file work_10.cif (mmCIF, C-alpha atoms)
data_start
#
loop_
_atom_site.label_atom_id
_atom_site.label_comp_id
_atom_site.auth_asym_id
_atom_site.auth_seq_id
_atom_site.Cartn_x
_atom_site.Cartn_y
_atom_site.Cartn_z
CA MET J 1 38.68 -10.56 -60.20
CA LYS J 2 35.67 -11.80 -58.35
CA PHE J 3 35.68 -12.56 -54.69
CA GLN J 4 33.91 -15.64 -53.63
CA SER J 5 32.76 -16.30 -50.17
CA LYS J 6 34.43 -19.30 -48.75
CA THR J 7 31.74 -20.17 -46.30
CA LYS J 8 28.47 -21.52 -47.41
CA ILE J 9 26.54 -20.68 -44.24
CA VAL J 10 23.12 -19.30 -44.92
CA ALA J 11 22.01 -16.52 -42.61
CA GLU J 12 18.65 -17.66 -41.40
CA ILE J 13 16.72 -17.35 -38.23
CA PRO J 14 15.42 -20.72 -37.20
CA THR J 15 11.67 -20.44 -37.01
CA ALA J 16 10.88 -23.98 -36.06
CA SER J 17 10.55 -23.12 -32.37
CA MET J 18 8.52 -19.98 -32.96
CA PRO J 19 5.13 -21.54 -32.17
CA ASP J 20 6.57 -22.85 -28.91
CA ILE J 21 7.69 -19.39 -27.91
CA ILE J 22 4.38 -17.87 -28.89
CA PHE J 23 2.46 -20.47 -26.94
CA MET J 24 4.66 -19.98 -23.94
CA LEU J 25 4.05 -16.22 -24.00
CA LEU J 26 0.38 -16.83 -24.62
CA ILE J 27 0.10 -19.08 -21.61
CA PHE J 28 2.05 -16.60 -19.48
CA PHE J 29 -0.25 -13.73 -20.35
CA MET J 30 -3.36 -15.88 -20.01
CA VAL J 31 -2.34 -16.85 -16.51
CA THR J 32 -1.38 -13.36 -15.38
CA THR J 33 -4.40 -11.59 -16.81
CA VAL J 34 -7.08 -10.71 -14.34
CA LEU J 35 -10.11 -9.72 -16.32
CA ARG J 36 -12.26 -8.73 -13.42
CA THR J 37 -10.82 -6.17 -11.07
CA TYR J 38 -12.57 -4.68 -8.10
CA GLU J 39 -13.83 -1.30 -8.99
CA GLY J 40 -14.42 -0.22 -5.43
CA LEU J 41 -15.13 3.39 -4.74
CA ASN J 42 -13.80 6.37 -6.56
CA VAL J 43 -10.85 7.41 -4.49
CA PHE J 44 -7.91 9.71 -4.98
CA LEU J 45 -5.05 7.96 -3.28
CA PRO J 46 -2.61 9.99 -1.21
CA HIS J 47 0.97 10.50 -2.33
CA ALA J 48 4.02 9.17 -0.55
CA LYS J 49 7.72 8.74 -1.28
CA LYS J 50 8.86 5.67 0.59
CA ILE J 51 6.42 3.14 -0.72
CA GLN J 52 6.87 -0.58 -0.61
CA LYS J 53 5.51 -3.29 -2.78
CA LEU J 54 3.12 -5.66 -1.12
CA GLU J 55 5.00 -8.84 -0.47
CA VAL J 56 2.07 -11.17 -0.85
CA THR J 57 0.28 -12.23 -3.99
CA LYS J 58 -3.03 -10.81 -5.07
CA ARG J 59 -5.14 -13.50 -3.46
CA HIS J 60 -3.91 -12.58 0.01
CA ILE J 61 -4.89 -8.95 -0.34
CA ALA J 62 -8.18 -7.58 0.88
CA HIS J 63 -9.00 -4.16 -0.45
CA VAL J 64 -10.82 -1.76 1.79
CA PHE J 65 -11.95 1.38 0.04
CA VAL J 66 -12.72 4.50 2.00
CA SER J 67 -14.19 7.44 0.14
CA LYS J 68 -14.00 11.00 1.29
CA ASP J 69 -17.72 10.96 2.11
CA GLY J 70 -17.08 8.25 4.67
CA LEU J 71 -18.30 5.26 2.70
CA ILE J 72 -16.49 1.98 3.26
CA SER J 73 -16.46 -0.69 0.59
CA ILE J 74 -15.11 -4.22 0.81
CA ASP J 75 -15.48 -6.54 -2.20
CA ASP J 76 -17.74 -4.11 -4.02
CA LYS J 77 -20.22 -3.93 -1.15
CA ILE J 78 -20.83 -0.84 0.90
CA ILE J 79 -20.36 -1.79 4.51
CA ALA J 80 -21.21 0.07 7.69
CA ILE J 81 -18.29 0.76 9.99
CA GLU J 82 -19.65 -1.55 12.71
CA ASN J 83 -19.66 -4.50 10.30
CA VAL J 84 -16.07 -4.13 9.11
CA ASP J 85 -14.97 -6.14 12.14
CA ARG J 86 -17.22 -9.07 11.26
CA VAL J 87 -16.42 -9.10 7.53
CA MET J 88 -12.69 -8.89 8.13
CA ARG J 89 -12.79 -11.62 10.75
CA ILE J 90 -14.33 -14.02 8.23
CA LYS J 91 -11.65 -13.11 5.71
CA ARG J 92 -8.90 -13.39 8.30
CA THR J 93 -9.94 -16.86 9.41
CA ALA J 94 -10.11 -18.00 5.80
CA ASP J 95 -6.64 -16.66 5.06
CA PRO J 96 -4.11 -16.11 7.85
CA LYS J 97 -1.67 -14.38 5.50
CA LEU J 98 -4.17 -11.65 4.76
CA VAL J 99 -2.92 -8.14 4.19
CA ILE J 100 -5.35 -5.27 4.15
CA SER J 101 -4.77 -2.75 1.44
CA LEU J 102 -6.43 0.38 2.68
CA LYS J 103 -7.36 2.50 -0.27
CA ALA J 104 -8.52 5.63 1.39
CA ASP J 105 -9.16 8.97 -0.23
CA LYS J 106 -6.59 11.61 0.59
CA ASP J 107 -9.33 13.84 1.93
CA ALA J 108 -10.82 11.20 4.21
CA SER J 109 -10.89 12.17 7.87
CA MET J 110 -8.64 10.51 10.39
CA GLU J 111 -11.62 9.89 12.63
CA LEU J 112 -12.88 7.32 10.17
CA ILE J 113 -9.42 5.87 9.52
CA SER J 114 -8.81 5.31 13.21
CA GLU J 115 -12.24 3.71 13.55
CA ILE J 116 -11.17 1.32 10.80
CA HIS J 117 -7.93 0.73 12.70
CA THR J 118 -9.94 -0.26 15.74
CA GLU J 119 -12.21 -2.53 13.72
CA LEU J 120 -9.23 -4.21 12.05
CA ARG J 121 -7.54 -4.72 15.38
CA ASN J 122 -10.72 -6.29 16.73
CA ALA J 123 -10.78 -8.61 13.73
CA ASP J 124 -7.11 -9.47 14.33
CA ALA J 125 -6.26 -8.28 10.82
CA LEU J 126 -3.12 -6.42 11.73
CA LYS J 127 -1.12 -6.16 8.54
CA VAL J 128 -2.14 -2.97 6.85
CA ASN J 129 -0.82 -1.32 3.76
CA TYR J 130 -1.84 2.28 3.14
CA SER J 131 -2.18 2.32 -0.59
CA SER J 132 -0.54 5.40 -2.04
CA LYS J 133 0.96 6.77 -5.22
CA THR J 134 4.56 7.61 -5.90
CA LYS J 135 4.47 11.01 -7.45
CA THR J 136 4.09 13.94 -5.14
CA PRO J 137 2.13 16.81 -6.61
CA GLN J 138 4.64 19.45 -5.51
CA SER J 139 7.82 17.78 -6.70
CA MET V 1 -2.88 -22.02 -36.15
CA ALA V 2 -0.08 -19.53 -35.65
CA ASP V 3 -2.51 -16.73 -36.53
CA ILE V 4 -4.89 -17.75 -33.79
CA ALA V 5 -2.09 -18.06 -31.31
CA PHE V 6 -0.82 -14.61 -32.29
CA LEU V 7 -4.27 -13.14 -32.00
CA LEU V 8 -4.77 -14.57 -28.55
CA LEU V 9 -1.28 -13.50 -27.55
CA ILE V 10 -1.93 -9.92 -28.61
CA PHE V 11 -5.28 -9.92 -26.84
CA PHE V 12 -3.78 -11.04 -23.55
CA LEU V 13 -0.79 -8.73 -24.00
CA VAL V 14 -3.12 -5.79 -24.29
CA THR V 15 -5.50 -6.74 -21.49
CA THR V 16 -2.83 -7.67 -18.95
CA THR V 17 -2.18 -5.07 -16.34
CA ILE V 18 0.68 -5.99 -14.08
CA ASP V 19 -0.14 -3.42 -11.47
CA MET V 20 1.26 -4.12 -8.09
CA ASP V 21 -0.32 -2.70 -5.02
CA LYS V 22 2.04 -0.29 -3.46
CA GLY V 23 1.87 1.69 -0.30
CA LEU V 24 3.11 2.16 3.23
CA ASP V 25 3.17 -0.94 5.38
CA LEU V 26 2.16 -0.84 8.99
CA VAL V 27 1.45 -3.56 11.50
CA LEU V 28 -1.26 -2.68 13.97
CA PRO V 29 -0.90 -3.74 17.59
CA PRO V 30 -3.15 -6.59 18.77
CA VAL V 31 -6.11 -5.75 20.99
CA GLY V 32 -5.47 -5.49 24.69
CA GLU V 33 -1.74 -5.21 24.41
CA THR V 34 -0.59 -2.36 26.57
CA LYS V 35 2.97 -1.89 27.58
CA GLU V 36 4.45 0.44 30.11
CA ILE V 37 7.05 2.50 28.33
CA PRO V 38 9.36 4.91 30.08
CA LYS V 39 8.60 8.50 29.14
CA LYS V 40 12.07 9.15 27.78
CA ASN V 41 11.55 6.52 25.10
CA ILE V 42 8.45 8.16 23.71
CA THR V 43 8.20 11.13 21.47
CA ASN V 44 4.87 12.60 20.55
CA LEU V 45 4.00 13.70 17.08
CA LEU V 46 0.73 15.58 16.92
CA VAL V 47 -1.03 16.39 13.68
CA ASP V 48 -3.83 18.92 13.85
CA ALA V 49 -6.85 19.39 11.60
CA LYS V 50 -5.01 21.76 9.28
CA GLY V 51 -2.00 19.50 8.85
CA ASN V 52 0.31 21.37 11.21
CA VAL V 53 2.66 19.12 13.10
CA LEU V 54 3.96 19.38 16.64
CA LEU V 55 7.01 17.30 17.54
CA ASP V 56 7.45 17.25 21.29
CA LYS V 57 5.29 20.37 21.66
CA LYS V 58 7.33 22.34 19.13
CA PRO V 59 5.95 23.09 15.67
CA ILE V 60 7.83 21.47 12.82
CA GLN V 61 7.54 21.44 9.05
CA ILE V 62 6.51 18.05 7.66
CA ARG V 63 9.59 17.84 5.43
CA ASP V 64 11.90 18.42 8.42
CA ILE V 65 10.50 15.48 10.39
CA LYS V 66 12.73 12.95 8.65
CA ASP V 67 16.05 14.57 9.63
CA ARG V 68 14.90 15.26 13.17
CA VAL V 69 13.69 11.70 13.67
CA ILE V 70 16.92 10.26 12.24
CA ARG V 71 18.87 12.28 14.80
CA MET V 72 16.54 11.35 17.62
CA ILE V 73 16.76 7.65 16.81
CA ALA V 74 20.55 7.89 16.63
CA GLU V 75 20.51 9.30 20.15
CA ASN V 76 18.06 6.76 21.54
CA GLU V 77 17.42 3.66 19.50
CA LYS V 78 14.59 2.52 21.74
CA LEU V 79 12.61 5.58 20.78
CA ILE V 80 8.96 5.05 19.98
CA ILE V 81 7.24 7.65 17.88
CA SER V 82 3.64 8.10 18.80
CA VAL V 83 1.58 9.69 16.06
CA LYS V 84 -1.58 11.32 17.24
CA THR V 85 -4.08 12.92 14.94
CA HIS V 86 -7.11 15.14 15.29
CA PRO V 87 -10.42 13.53 14.18
CA SER V 88 -10.68 15.92 11.25
CA THR V 89 -7.08 15.62 10.13
CA LYS V 90 -6.85 14.87 6.44
CA TYR V 91 -5.65 11.36 5.57
CA GLN V 92 -3.02 12.86 3.25
CA ALA V 93 -1.43 14.73 6.18
CA TYR V 94 -1.26 11.52 8.15
CA ILE V 95 0.31 9.67 5.21
CA ASP V 96 2.83 12.50 4.76
CA VAL V 97 3.89 12.19 8.40
CA LEU V 98 4.02 8.41 8.23
CA ASP V 99 6.02 8.67 5.01
CA GLN V 100 8.58 10.89 6.75
CA LEU V 101 8.89 8.38 9.58
CA LYS V 102 9.36 5.57 7.08
CA LEU V 103 12.00 7.63 5.26
CA ALA V 104 13.78 8.05 8.59
CA ASN V 105 13.69 4.26 8.96
CA ALA V 106 11.68 4.48 12.16
CA LYS V 107 10.55 1.00 13.05
CA LYS V 108 8.68 1.74 16.24
CA ILE V 109 5.68 3.75 15.24
CA SER V 110 2.64 3.88 17.42
CA ILE V 111 -0.67 5.20 16.23
CA ALA V 112 -2.60 6.86 19.02
CA GLU V 113 -6.36 7.13 18.92
CA PRO V 114 -7.61 10.63 18.25
CA ASP V 115 -9.42 12.24 21.16
CA LYS V 116 -13.14 12.35 20.75
#
call {"tool": "encode", "arguments": {"input": "work_10.cif", "output": "structure tokens"}}
result
Amino acid sequence: MKFQSKTKIVAEIPTASMPDIIFMLLIFFMVTTVLRTYEGLNVFLPHAKKIQKLEVTKRHIAHVFVSKDGLISIDDKIIAIENVDRVMRIKRTADPKLVISLKADKDASMELISEIHTELRNADALKVNYSSKTKTPQS
Amino acid sequence: MADIAFLLLIFFLVTTTIDMDKGLDLVLPPVGETKEIPKKNITNLLVDAKGNVLLDKKPIQIRDIKDRVIRMIAENEKLIISVKTHPSTKYQAYIDVLDQLKLANAKKISIAEPDK
């Protein structure tokens, strides 16, 4: 005796909306892709445990790179310490929500870091984020 | 049509890097703002050039700072932790100390200028 299926439903994945989904994904990735990223200086970021995500979007972040040789770079330009104040002030006036992401090398000296602190305070750019990595080398 | 869309999709999928900037937040004090703070509400944290830490003139291991600070804040919630570094202190040592303070949920952190 042969069994016959009573239902005549065909198992099929509807593909009519597939292009829509693809286009939606395409647009999402096109919008989120940033092709040009600031290279900055070659720094080894320090490690920390309690790190927070920056709450602002990318366009409100100013990256300040500090290498272990004492070079300071903002927007791919090497800047002398005395000029950090002036450059940051321009950025700060253009964008009041500015957050400074300080990407300093873990071997940079505190003398330089505190000079940058002073410069940033003079420029009224007070929100600082010390960029660091999650993994600690010992644990 | 679908091929082109797929190709573009794969291209953008591969090139997208959703990397968020992460780190330790700190708000610097504005210029010219000095406040008189009673001595009992301040605790000094000194970091020397080699990364040794003194908490209220007593040496302390960096990993022990968190527990000590939690206890100190529980005793006095107005406590301000003043971090002072030597000019040649390594940045990593400073971040380690700051990290410990953040782990201890210390909100009032003051960064003192290193002595020249």
call {"tool": "closest_atom_pairs", "arguments": {"input": "work_10.cif", "of": "chain J", "to": "chain V", "cutoff": "8 Å", "atoms": "only C-alpha atoms", "output": "JSON lines"}}
result
{"residue": "J:Pro19", "atom": "CA", "partner": "V:Ala2", "partner_atom": "CA", "distance": 6.6}
{"residue": "J:Ile22", "atom": "CA", "partner": "V:Ala5", "partner_atom": "CA", "distance": 6.9}
{"residue": "J:Phe23", "atom": "CA", "partner": "V:Ala5", "partner_atom": "CA", "distance": 6.8}
{"residue": "J:Leu25", "atom": "CA", "partner": "V:Leu9", "partner_atom": "CA", "distance": 7.0}
{"residue": "J:Leu26", "atom": "CA", "partner": "V:Leu9", "partner_atom": "CA", "distance": 4.7}
{"residue": "J:Phe29", "atom": "CA", "partner": "V:Phe12", "partner_atom": "CA", "distance": 5.5}
{"residue": "J:Met30", "atom": "CA", "partner": "V:Phe12", "partner_atom": "CA", "distance": 6.0}
{"residue": "J:Thr32", "atom": "CA", "partner": "V:Thr16", "partner_atom": "CA", "distance": 6.9}
{"residue": "J:Thr33", "atom": "CA", "partner": "V:Thr16", "partner_atom": "CA", "distance": 4.7}
{"residue": "J:Val34", "atom": "CA", "partner": "V:Thr16", "partner_atom": "CA", "distance": 7.0}
{"residue": "J:Leu35", "atom": "CA", "partner": "V:Thr15", "partner_atom": "CA", "distance": 7.5}
{"residue": "J:Pro46", "atom": "CA", "partner": "V:Gln92", "partner_atom": "CA", "distance": 5.3}
{"residue": "J:His47", "atom": "CA", "partner": "V:Gln92", "partner_atom": "CA", "distance": 7.3}
{"residue": "J:Ala48", "atom": "CA", "partner": "V:Asp99", "partner_atom": "CA", "distance": 5.9}
{"residue": "J:Lys49", "atom": "CA", "partner": "V:Asp99", "partner_atom": "CA", "distance": 6.5}
{"residue": "J:Lys50", "atom": "CA", "partner": "V:Leu103", "partner_atom": "CA", "distance": 6.0}
{"residue": "J:Ile51", "atom": "CA", "partner": "V:Gly23", "partner_atom": "CA", "distance": 4.8}
{"residue": "J:Gln52", "atom": "CA", "partner": "V:Gly23", "partner_atom": "CA", "distance": 5.5}
{"residue": "J:Lys53", "atom": "CA", "partner": "V:Lys22", "partner_atom": "CA", "distance": 4.6}
{"residue": "J:Leu54", "atom": "CA", "partner": "V:Lys22", "partner_atom": "CA", "distance": 6.0}
{"residue": "J:Ser101", "atom": "CA", "partner": "V:Asp21", "partner_atom": "CA", "distance": 7.8}
{"residue": "J:Ala104", "atom": "CA", "partner": "V:Tyr91", "partner_atom": "CA", "distance": 7.7}
{"residue": "J:Asp105", "atom": "CA", "partner": "V:Tyr91", "partner_atom": "CA", "distance": 7.2}
{"residue": "J:Lys106", "atom": "CA", "partner": "V:Gln92", "partner_atom": "CA", "distance": 4.6}
{"residue": "J:Asp107", "atom": "CA", "partner": "V:Lys90", "partner_atom": "CA", "distance": 5.2}
{"residue": "J:Ala108", "atom": "CA", "partner": "V:Tyr91", "partner_atom": "CA", "distance": 5.3}
{"residue": "J:Ser109", "atom": "CA", "partner": "V:Ser88", "partner_atom": "CA", "distance": 5.1}
{"residue": "J:Met110", "atom": "CA", "partner": "V:Pro87", "partner_atom": "CA", "distance": 5.2}
{"residue": "J:Glu111", "atom": "CA", "partner": "V:Pro87", "partner_atom": "CA", "distance": 4.1}
{"residue": "J:Leu112", "atom": "CA", "partner": "V:Pro87", "partner_atom": "CA", "distance": 7.8}
{"residue": "J:Ile113", "atom": "CA", "partner": "V:Tyr91", "partner_atom": "CA", "distance": 7.7}
{"residue": "J:Ser114", "atom": "CA", "partner": "V:Glu113", "partner_atom": "CA", "distance": 6.5}
{"residue": "J:His117", "atom": "CA", "partner": "V:Leu28", "partner_atom": "CA", "distance": 7.6}
{"residue": "J:Arg121", "atom": "CA", "partner": "V:Pro30", "partner_atom": "CA", "distance": 5.9}
{"residue": "J:Asn122", "atom": "CA", "partner": "V:Val31", "partner_atom": "CA", "distance": 6.3}
{"residue": "J:Asp124", "atom": "CA", "partner": "V:Pro30", "partner_atom": "CA", "distance": 6.6}
{"residue": "J:Leu126", "atom": "CA", "partner": "V:Leu28", "partner_atom": "CA", "distance": 4.7}
{"residue": "J:Lys127", "atom": "CA", "partner": "V:Val27", "partner_atom": "CA", "distance": 4.7}
{"residue": "J:Val128", "atom": "CA", "partner": "V:Leu26", "partner_atom": "CA", "distance": 5.3}
{"residue": "J:Asn129", "atom": "CA", "partner": "V:Asp25", "partner_atom": "CA", "distance": 4.3}
{"residue": "J:Tyr130", "atom": "CA", "partner": "V:Leu24", "partner_atom": "CA", "distance": 5.0}
{"residue": "J:Ser131", "atom": "CA", "partner": "V:Gly23", "partner_atom": "CA", "distance": 4.1}
{"residue": "J:Ser132", "atom": "CA", "partner": "V:Gly23", "partner_atom": "CA", "distance": 4.8}
{"residue": "J:Lys133", "atom": "CA", "partner": "V:Gly23", "partner_atom": "CA", "distance": 7.1}
call {"tool": "resolve_selection", "arguments": {"input": "work_10.cif", "expression": "the PyMOL selection byres ((chain J and resi 41) around 12)", "output": "MDAnalysis selection string"}}
result
chainID J and resid 38:40 42:45 63:79 102:105
call {"tool": "atom_distance", "arguments": {"input": "work_10.cif", "atom1": "CA of Val69 (chain V)", "atom2": "CA of Leu46 (chain V)"}}
result
13.9 Å
call {"tool": "resolve_selection", "arguments": {"input": "work_10.cif", "expression": "the PyMOL selection byres ((chain V and resi 56-60) around 12)", "output": "PyMOL selection string"}}
result
chain V and resi 39-40+42-48+51-55+61-69+72+81-84+97
call {"tool": "resolve_selection", "arguments": {"input": "work_10.cif", "expression": "the PyMOL selection byres ((chain V and resi 108) around 8)", "output": "NGL selection string"}}
result
:V and (79-81 or 106-107 or 109-110)
call {"tool": "atom_distance", "arguments": {"input": "work_10.cif", "atom1": "CA of Glu119 (chain J)", "atom2": "CA of Pro96 (chain J)"}}
result
16.9 Å
call {"tool": "atom_distance", "arguments": {"input": "work_10.cif", "atom1": "CA of Val84 (chain J)", "atom2": "CA of Glu115 (chain J)"}}
result
9.8 Å
call {"tool": "closest_residue", "arguments": {"input": "work_10.cif", "among": "J:Ile116, J:Ala11, J:Ala125, J:Leu98", "to": "Thr57 (chain J)", "atoms": "all atoms listed in the file"}}
result
J:Leu98
call {"tool": "build_atoms", "arguments": {"input": "work_10.cif", "residues": "region 96-109 of chain J", "atoms": "N, CA and C atoms", "output": "PDB file, keeping the file's coordinate frame"}}
result
ATOM      1  N   PRO J  96      -4.935 -16.718   6.796  1.00  0.00           N
ATOM      2  CA  PRO J  96      -4.110 -16.110   7.850  1.00  0.00           C
ATOM      3  C   PRO J  96      -3.044 -15.146   7.327  1.00  0.00           C
ATOM      4  N   LYS J  97      -2.707 -15.262   6.049  1.00  0.00           N
ATOM      5  CA  LYS J  97      -1.670 -14.380   5.500  1.00  0.00           C
ATOM      6  C   LYS J  97      -2.238 -13.053   4.992  1.00  0.00           C
ATOM      7  N   LEU J  98      -3.474 -12.801   5.314  1.00  0.00           N
ATOM      8  CA  LEU J  98      -4.170 -11.650   4.760  1.00  0.00           C
ATOM      9  C   LEU J  98      -3.488 -10.307   5.057  1.00  0.00           C
ATOM     10  N   VAL J  99      -3.403  -9.500   4.032  1.00  0.00           N
ATOM     11  CA  VAL J  99      -2.920  -8.140   4.190  1.00  0.00           C
ATOM     12  C   VAL J  99      -4.031  -7.207   3.735  1.00  0.00           C
ATOM     13  N   ILE J 100      -4.291  -6.201   4.514  1.00  0.00           N
ATOM     14  CA  ILE J 100      -5.350  -5.270   4.150  1.00  0.00           C
ATOM     15  C   ILE J 100      -4.740  -4.091   3.404  1.00  0.00           C
ATOM     16  N   SER J 101      -5.213  -3.901   2.202  1.00  0.00           N
ATOM     17  CA  SER J 101      -4.770  -2.750   1.440  1.00  0.00           C
ATOM     18  C   SER J 101      -5.828  -1.674   1.614  1.00  0.00           C
ATOM     19  N   LEU J 102      -5.476  -0.678   2.367  1.00  0.00           N
ATOM     20  CA  LEU J 102      -6.430   0.380   2.680  1.00  0.00           C
ATOM     21  C   LEU J 102      -6.334   1.461   1.618  1.00  0.00           C
ATOM     22  N   LYS J 103      -7.349   1.492   0.776  1.00  0.00           N
ATOM     23  CA  LYS J 103      -7.360   2.500  -0.270  1.00  0.00           C
ATOM     24  C   LYS J 103      -8.282   3.627   0.158  1.00  0.00           C
ATOM     25  N   ALA J 104      -7.714   4.533   0.870  1.00  0.00           N
ATOM     26  CA  ALA J 104      -8.520   5.630   1.390  1.00  0.00           C
ATOM     27  C   ALA J 104      -8.259   6.895   0.600  1.00  0.00           C
ATOM     28  N   ASP J 105      -9.284   7.704   0.491  1.00  0.00           N
ATOM     29  CA  ASP J 105      -9.160   8.970  -0.230  1.00  0.00           C
ATOM     30  C   ASP J 105      -8.269   9.912   0.577  1.00  0.00           C
ATOM     31  N   LYS J 106      -7.507  10.728  -0.145  1.00  0.00           N
ATOM     32  CA  LYS J 106      -6.590  11.610   0.590  1.00  0.00           C
ATOM     33  C   LYS J 106      -7.311  12.654   1.429  1.00  0.00           C
ATOM     34  N   ASP J 107      -8.577  12.879   1.141  1.00  0.00           N
ATOM     35  CA  ASP J 107      -9.330  13.840   1.930  1.00  0.00           C
ATOM     36  C   ASP J 107     -10.198  13.178   3.002  1.00  0.00           C
ATOM     37  N   ALA J 108     -10.046  11.873   3.167  1.00  0.00           N
ATOM     38  CA  ALA J 108     -10.820  11.200   4.210  1.00  0.00           C
ATOM     39  C   ALA J 108     -10.349  11.691   5.583  1.00  0.00           C
ATOM     40  N   SER J 109     -11.269  11.667   6.545  1.00  0.00           N
ATOM     41  CA  SER J 109     -10.890  12.170   7.870  1.00  0.00           C
ATOM     42  C   SER J 109     -10.239  11.068   8.690  1.00  0.00           C
TER      43      SER J 109
END
